[in-house]
Amino acid sequence: MKTFGELIAEGRKRAKLTQREFAQRIKMEDGRPISAPYLNDLEHNLRKPPRAHLIDQFAAELNLEGDLLYFAASRLTPDIEPKDASEDQVLAAYRAFRKELQLPARKIAKPRSSAPKR
């Protein structure tokens, strides 16, 4: 799987946009565009992927699946709220995801309890 930066860089190039042109299309919450150097850092994985507001714009402007960008950013999409899911639903979703990726079930070893020193 490609990184978040690789996905947006490829999408931007496919759209035949320079970093400066593309950066002007992506607006922060206050309406100002992101900077070309910031976009460059994202594309080269020098910064962590941005917040949802910007990820949604990247997806829309580049005609990419938002879910793919969120996954590459190691984030849940805004429509998935942990408080809305039961523990059983979360476990079922992770199991289904691992099954689709043909990954083994994840087992976490319990830490050994250390005996108190005398």
# chains A, B, ... in the order shown; residues from 1 in each chain; ligands from 1
>>> residues_around(residues="Glu6 (chain A)", least_positions_apart="3", cutoff="9 Å", atoms="only C-alpha atoms", output="PyMOL selection string")
chain A and resi 2-3+9-11+42-45
>>> write_last_selection(atoms="C-alpha atoms", output="PDB file, in the first residue's frame")
ATOM      1  CA  LYS A   2       1.236   3.450  -0.856  1.00  0.00           C
ATOM      2  CA  THR A   3       1.724   6.132   1.761  1.00  0.00           C
ATOM      3  CA  ALA A   9       1.477  13.142  -5.168  1.00  0.00           C
ATOM      4  CA  GLU A  10       0.334  10.594  -7.762  1.00  0.00           C
ATOM      5  CA  GLY A  11      -3.165  12.060  -7.815  1.00  0.00           C
ATOM      6  CA  LEU A  42       3.130  15.888   2.890  1.00  0.00           C
ATOM      7  CA  GLU A  43       3.961  14.340  -0.472  1.00  0.00           C
ATOM      8  CA  HIS A  44       7.412  13.354   0.780  1.00  0.00           C
ATOM      9  CA  ASN A  45       6.063  11.986   4.082  1.00  0.00           C
TER      10      ASN A  45
END
>>> select_by_dssp(residues="chain A", states="helix (DSSP H, G or I)", output="PyMOL selection string")
chain A and resi 4-14+19-25+36-43+52-62+66-72+82-84+87-100
>>> atom_distance(atom1="CA of Ile80 (chain A)", atom2="CA of Arg25 (chain A)")
26.5 Å
>>> residues_around(residues="Asn63 (chain A)", least_positions_apart="5", cutoff="10 Å", atoms="only C-alpha atoms", output="list in words")
Gly11, Arg12, Ala15, Gln57 and Phe58 of chain A
>>> closest_residue(among="A:Arg75, A:Arg20, A:Lys48, A:Lys13", to="Ser35 (chain A)", atoms="only C-alpha atoms")
A:Arg20
>>> atom_distance(atom1="CA of Thr77 (chain A)", atom2="CA of Pro50 (chain A)")
12.5 Å
>>> residues_around(residues="Ala72 (chain A)", least_positions_apart="5", cutoff="9 Å", atoms="only C-alpha atoms", output="ChimeraX atom specification")
/A:1-5,7,49,67
>>> closest_residue(among="A:Ala109, A:Leu91, A:Ala23, A:Leu62", to="Pro37 (chain A)", atoms="only C-alpha atoms")
A:Ala23
>>> atom_distance(atom1="CA of Ala52 (chain A)", atom2="CA of Gly66 (chain A)")
9.8 Å
>>> closest_residue(among="A:Arg112, A:Arg51, A:Lys107, A:Arg98", to="Met28 (chain A)", atoms="only C-alpha atoms")
A:Arg51
